[in-house]
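So the structure is just underneath, and the comments pick up after that.
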Amino acid sequence: MKDFQGKVAFITGGASGAGLGQAKVFSEAGCKVVIADIRQDHLDQAMAYFRDRKAPVHAIKLDITDRKAYAAAADEVERVFGSPPQLLFSTAGVNTFGPAEASTYEDFDWVVGVCLGGVINGMVTFVPRMIKAGKGGHIATVSSWGGFMGGATTAPYSAAKAAVNNLMESYYLSLKAYGIGVSVLCPTGINSNIHEATFTRPKHLKNTGYNVNEKTLEVEHQIYLQGIDPVELARIFKKGIEDDVLYVLPFPDSQKMLRDNFERIANYTTAEGMKRQEEAARKRAAEMAQRQGGASPFAGAAEADWGKAKPDLSWVADSARAKRH
Ligand SMILES: NC(=O)c1ccc[n+]([C@@H]2O[C@H](COP(=O)([O-])OP(=O)(O)OC[C@H]3O[C@@H](n4cnc5c(N)ncnc54)[C@H](O)[C@@H]3O)[C@@H](O)[C@H]2O)c1
């Protein structure tokens with residue numbers, strides 16, 4: 001897609017971070033934008049920005065894991081802007097950090113539910129409507145570089161994002177016939193509010209094995225402050241959509257990063273490779289430790305027990321209780 005003038009763009013997570021960056025960039029490019037977000041305060045702040053600019057932007061409070069609410073939001077888009085979107089941005093996502101072995105069902109249900117389930121809900125809700133409208137369009141989904149690999153402290157997130165990558169390739173292959181393009185953005189750090197994701201975690205999914213508290217959230221905040229600016233990221237994504245490429249990797253050395261990544265996988269297939277990979281991991285850890293001595297944003301991570309399990313195993317008892325009821 002190259003011409004965005006007058007197109008309807010629906011953006012989940014559109015009231016903060018990467019999604020708000022997309023709303024700004026695609027609104028400037030002439031789109032009629034719907035921002036859908038679970039947080040009313042984020043929607044209010046974002047709408048103040050767009051009202052000042054008299055931009056055609058509409059806000060919908062939506063939890064993307066709620067399928068009925070998602071269908072109602074799709075109806076609302078058609079009522080307000082007269083058409084299903086030609087651009088669907090599935091950007092909303094959440095994360096939380098802790099060792100894989102401390103992950104509870106609730107950690108998986110929340111993170112996978114939003115990061116993968118929410119994307120699936122967007123596809124099943126909107127793709128048939130887009131096909132029926134017959135105007136073509138583009139699906140633009142935000143995944144993560146973390147979707148290309150597992151992480152010791154990011155099991156639910158890495159699993160969800162890997163699934164999103166493959167999901168998008170599947171839709172890319174099948175939607176060509178309808179003139180609908182598919183792109184998936186895989187960034188590393190973004191300067192966003194994702195450290196606050198835990199505030200939107202549903203009460204019934206609160207049980208976690210991870211150590212999450214004010215200190216760990218502040219460590220995350222400091223890390224994300226170093227990330228790419230959301231508007232700059234949205235401009236890179238826009239170029240990827242214009243070029244109609246499947247993977248949009250916002251790094252100058254993305255080809256090398258991908259080749260190194262596949263070498264990692266190849267290494268994991270032989271005993272010698274496994275040793276090489278362990279050596280590389282040790283080297284990375286040593287470099288990280290050295291950085292922790294300096295002004296690195298990771299400096300507070302060890303003191304805050306960031307990415308660690310809750311020390312008292314309380315989540316194990318909670319999981320056992322959940323099974324009995
Ligand atoms: N921040 C990073 O470093 C980073 C890195 C790689 C990928 N990403 C991905 O970028 C995307 C955007 O995240 P961000 O960093 O801009 O975070 P952000 O928290 O600033 O924005 C995400 C928005 O999604 C909303 N949201 C959360 N759960 C929702 C739900 N169930 N329904 C509807 N809205 C919901 C939040 O309220 C928030 O406004 C996510 O998919 C995330 O996984 C982020």
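Just remember, in the structure tokens the first chain shown is A, the second B, etc., residues are 1-based per chain, and ligands are 1-based in the order shown.
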
(message) 6 Å from ligand 1 is the threshold here; counting only C-alpha atoms and all ligand atoms, which polymer residues fall inside it? Answer as a ChimeraX atom specification.
(response) /A:12-13,15-19,37-39,42,62-65,91-94,114,142-144,187-190,192-194,197,224

(request) Mind the document's chain letters and residue numbers, and return as a VMD selection string the residues of stretch 155-232 of chain A that DSSP labels helix (DSSP H, G or I). (result) chain A and resid 155 to 178 194 to 200 203 to 205 214 to 225 230 to 232

Would you mind exporting C-alpha atoms of the selected residues as an mmCIF file, in the first residue's frame?
data_model
loop_
_atom_site.group_PDB
_atom_site.id
_atom_site.type_symbol
_atom_site.label_atom_id
_atom_site.label_comp_id
_atom_site.auth_asym_id
_atom_site.auth_seq_id
_atom_site.Cartn_x
_atom_site.Cartn_y
_atom_site.Cartn_z
ATOM 1 C CA ALA A 155 8.808 -17.685 28.039
ATOM 2 C CA PRO A 156 5.157 -16.611 27.509
ATOM 3 C CA TYR A 157 6.156 -13.491 25.551
ATOM 4 C CA SER A 158 8.705 -15.241 23.308
ATOM 5 C CA ALA A 159 6.247 -18.064 22.600
ATOM 6 C CA ALA A 160 3.451 -15.634 21.727
ATOM 7 C CA LYS A 161 5.616 -13.461 19.482
ATOM 8 C CA ALA A 162 7.099 -16.469 17.632
ATOM 9 C CA ALA A 163 3.553 -17.647 16.973
ATOM 10 C CA VAL A 164 2.592 -14.163 15.750
ATOM 11 C CA ASN A 165 5.464 -14.224 13.220
ATOM 12 C CA ASN A 166 4.312 -17.532 11.751
ATOM 13 C CA LEU A 167 0.670 -16.453 11.882
ATOM 14 C CA MET A 168 1.513 -13.387 9.814
ATOM 15 C CA GLU A 169 3.441 -15.429 7.245
ATOM 16 C CA SER A 170 0.404 -17.718 6.914
ATOM 17 C CA TYR A 171 -1.931 -14.759 6.353
ATOM 18 C CA TYR A 172 0.589 -13.099 4.010
ATOM 19 C CA LEU A 173 0.507 -16.181 1.783
ATOM 20 C CA SER A 174 -3.274 -16.495 1.816
ATOM 21 C CA LEU A 175 -4.349 -12.837 1.617
ATOM 22 C CA LYS A 176 -2.319 -11.967 -1.495
ATOM 23 C CA ALA A 177 -5.255 -13.170 -3.587
ATOM 24 C CA TYR A 178 -7.446 -10.439 -2.067
ATOM 25 C CA ILE A 194 5.086 -1.145 28.527
ATOM 26 C CA HIS A 195 6.603 -1.279 32.036
ATOM 27 C CA GLU A 196 3.060 -0.377 33.183
ATOM 28 C CA ALA A 197 1.514 -3.396 31.428
ATOM 29 C CA THR A 198 1.021 -5.152 34.753
ATOM 30 C CA PHE A 199 -1.574 -2.478 35.703
ATOM 31 C CA THR A 200 -3.909 -3.905 33.019
ATOM 32 C CA LYS A 203 -7.667 -9.811 38.541
ATOM 33 C CA HIS A 204 -8.481 -13.442 37.753
ATOM 34 C CA LEU A 205 -5.009 -13.823 36.146
ATOM 35 C CA GLU A 214 7.740 -1.130 42.088
ATOM 36 C CA LYS A 215 11.511 -1.639 41.940
ATOM 37 C CA THR A 216 11.418 -4.143 39.053
ATOM 38 C CA LEU A 217 8.997 -1.924 37.134
ATOM 39 C CA GLU A 218 11.360 1.025 37.601
ATOM 40 C CA VAL A 219 14.239 -1.101 36.213
ATOM 41 C CA GLU A 220 12.083 -1.854 33.175
ATOM 42 C CA HIS A 221 11.148 1.804 32.812
ATOM 43 C CA GLN A 222 14.834 2.775 32.685
ATOM 44 C CA ILE A 223 15.524 0.079 30.074
ATOM 45 C CA TYR A 224 12.632 1.129 27.816
ATOM 46 C CA LEU A 225 13.660 4.803 28.027
ATOM 47 C CA PRO A 230 7.624 5.394 18.616
ATOM 48 C CA VAL A 231 7.125 7.963 15.826
ATOM 49 C CA GLU A 232 10.480 7.073 14.263
#

(request) Find the distance between atom CA of A:Val127 and atom CA of A:Leu87 and write it in Å to one decimal. (result) 10.5 Å

(request) Mind checking which residues fall within 12 Å of A:Asp66, counting only C-alpha atoms, ignoring those fewer than 2 positions away in the same chain, and posting them as a list in words? (result)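 Those residues are Ile38, Lys61, Leu62, Asp63, Ile64, Lys68, Ala69, Tyr70, Ala71, Ala72, Ala73, Gly113, Val114, Gly117, Gly118, Val119, Ile120, Asn121, Gly122, Thr125 and Pro202 of chain A.
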
Those residues with N, CA, C and O atoms, as an mmCIF file, in the first residue's frame please?
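Everything below was put into selection.cif:
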data_model
loop_
_atom_site.group_PDB
_atom_site.id
_atom_site.type_symbol
_atom_site.label_atom_id
_atom_site.label_comp_id
_atom_site.auth_asym_id
_atom_site.auth_seq_id
_atom_site.Cartn_x
_atom_site.Cartn_y
_atom_site.Cartn_z
ATOM 1 N N ILE A 38 -7.183 -0.604 25.998
ATOM 2 C CA ILE A 38 -7.839 -1.021 27.246
ATOM 3 C C ILE A 38 -7.795 0.091 28.297
ATOM 4 O O ILE A 38 -8.581 0.100 29.226
ATOM 5 N N LYS A 61 -12.699 2.168 23.701
ATOM 6 C CA LYS A 61 -12.121 1.404 24.816
ATOM 7 C C LYS A 61 -12.383 -0.070 24.534
ATOM 8 O O LYS A 61 -13.536 -0.487 24.374
ATOM 9 N N LEU A 62 -11.310 -0.838 24.399
ATOM 10 C CA LEU A 62 -11.445 -2.239 23.994
ATOM 11 C C LEU A 62 -10.388 -3.092 24.676
ATOM 12 O O LEU A 62 -9.210 -2.737 24.692
ATOM 13 N N ASP A 63 -10.843 -4.238 25.198
ATOM 14 C CA ASP A 63 -9.910 -5.286 25.618
ATOM 15 C C ASP A 63 -9.863 -6.280 24.460
ATOM 16 O O ASP A 63 -10.853 -6.961 24.173
ATOM 17 N N ILE A 64 -8.725 -6.378 23.806
ATOM 18 C CA ILE A 64 -8.635 -7.202 22.580
ATOM 19 C C ILE A 64 -8.793 -8.703 22.850
ATOM 20 O O ILE A 64 -8.920 -9.483 21.915
ATOM 21 N N LYS A 68 -16.402 -10.636 21.855
ATOM 22 C CA LYS A 68 -17.673 -9.938 21.604
ATOM 23 C C LYS A 68 -17.419 -8.439 21.493
ATOM 24 O O LYS A 68 -17.959 -7.767 20.615
ATOM 25 N N ALA A 69 -16.618 -7.934 22.420
ATOM 26 C CA ALA A 69 -16.314 -6.498 22.416
ATOM 27 C C ALA A 69 -15.557 -6.133 21.133
ATOM 28 O O ALA A 69 -15.751 -5.043 20.568
ATOM 29 N N TYR A 70 -14.713 -7.054 20.653
ATOM 30 C CA TYR A 70 -13.941 -6.794 19.423
ATOM 31 C C TYR A 70 -14.902 -6.658 18.234
ATOM 32 O O TYR A 70 -14.777 -5.753 17.398
ATOM 33 N N ALA A 71 -15.905 -7.550 18.162
ATOM 34 C CA ALA A 71 -16.888 -7.486 17.071
ATOM 35 C C ALA A 71 -17.683 -6.178 17.161
ATOM 36 O O ALA A 71 -17.949 -5.529 16.134
ATOM 37 N N ALA A 72 -18.028 -5.782 18.395
ATOM 38 C CA ALA A 72 -18.772 -4.527 18.575
ATOM 39 C C ALA A 72 -17.913 -3.340 18.133
ATOM 40 O O ALA A 72 -18.415 -2.380 17.521
ATOM 41 N N ALA A 73 -16.608 -3.412 18.418
ATOM 42 C CA ALA A 73 -15.698 -2.331 17.998
ATOM 43 C C ALA A 73 -15.644 -2.254 16.468
ATOM 44 O O ALA A 73 -15.626 -1.161 15.886
ATOM 45 N N GLY A 113 -2.547 -14.581 25.928
ATOM 46 C CA GLY A 113 -3.914 -14.133 25.615
ATOM 47 C C GLY A 113 -3.924 -12.787 24.910
ATOM 48 O O GLY A 113 -4.652 -12.590 23.930
ATOM 49 N N VAL A 114 -3.116 -11.849 25.385
ATOM 50 C CA VAL A 114 -3.085 -10.515 24.759
ATOM 51 C C VAL A 114 -2.208 -10.544 23.498
ATOM 52 O O VAL A 114 -2.654 -10.150 22.413
ATOM 53 N N GLY A 117 -3.475 -14.141 21.381
ATOM 54 C CA GLY A 117 -4.939 -14.230 21.284
ATOM 55 C C GLY A 117 -5.549 -12.938 20.751
ATOM 56 O O GLY A 117 -6.450 -12.961 19.909
ATOM 57 N N GLY A 118 -5.033 -11.807 21.209
ATOM 58 C CA GLY A 118 -5.558 -10.511 20.761
ATOM 59 C C GLY A 118 -5.324 -10.297 19.271
ATOM 60 O O GLY A 118 -6.181 -9.747 18.561
ATOM 61 N N VAL A 119 -4.172 -10.753 18.790
ATOM 62 C CA VAL A 119 -3.867 -10.629 17.349
ATOM 63 C C VAL A 119 -4.798 -11.545 16.544
ATOM 64 O O VAL A 119 -5.365 -11.149 15.520
ATOM 65 N N ILE A 120 -4.987 -12.769 17.041
ATOM 66 C CA ILE A 120 -5.901 -13.709 16.359
ATOM 67 C C ILE A 120 -7.307 -13.109 16.311
ATOM 68 O O ILE A 120 -7.976 -13.143 15.262
ATOM 69 N N ASN A 121 -7.746 -12.527 17.429
ATOM 70 C CA ASN A 121 -9.091 -11.940 17.447
ATOM 71 C C ASN A 121 -9.220 -10.835 16.401
ATOM 72 O O ASN A 121 -10.260 -10.702 15.747
ATOM 73 N N GLY A 122 -8.166 -10.076 16.238
ATOM 74 C CA GLY A 122 -8.187 -9.015 15.216
ATOM 75 C C GLY A 122 -8.313 -9.594 13.812
ATOM 76 O O GLY A 122 -9.069 -9.077 12.976
ATOM 77 N N THR A 125 -11.846 -11.210 13.365
ATOM 78 C CA THR A 125 -12.887 -10.178 13.325
ATOM 79 C C THR A 125 -12.838 -9.402 12.014
ATOM 80 O O THR A 125 -13.869 -9.186 11.368
ATOM 81 N N PRO A 202 -5.656 -8.677 34.251
ATOM 82 C CA PRO A 202 -6.957 -8.948 34.887
ATOM 83 C C PRO A 202 -6.799 -9.607 36.254
ATOM 84 O O PRO A 202 -5.861 -10.395 36.454
#

(message) So that I can check the surroundings of A:Pro311, please list as a PyMOL selection string every protein, DNA and RNA residue that reaches within 12 Å of it, counting only C-alpha atoms and ignoring chain neighbours fewer than 2 positions away.
(response) chain A and resi 98-99+102+208-212+305-309+313-316
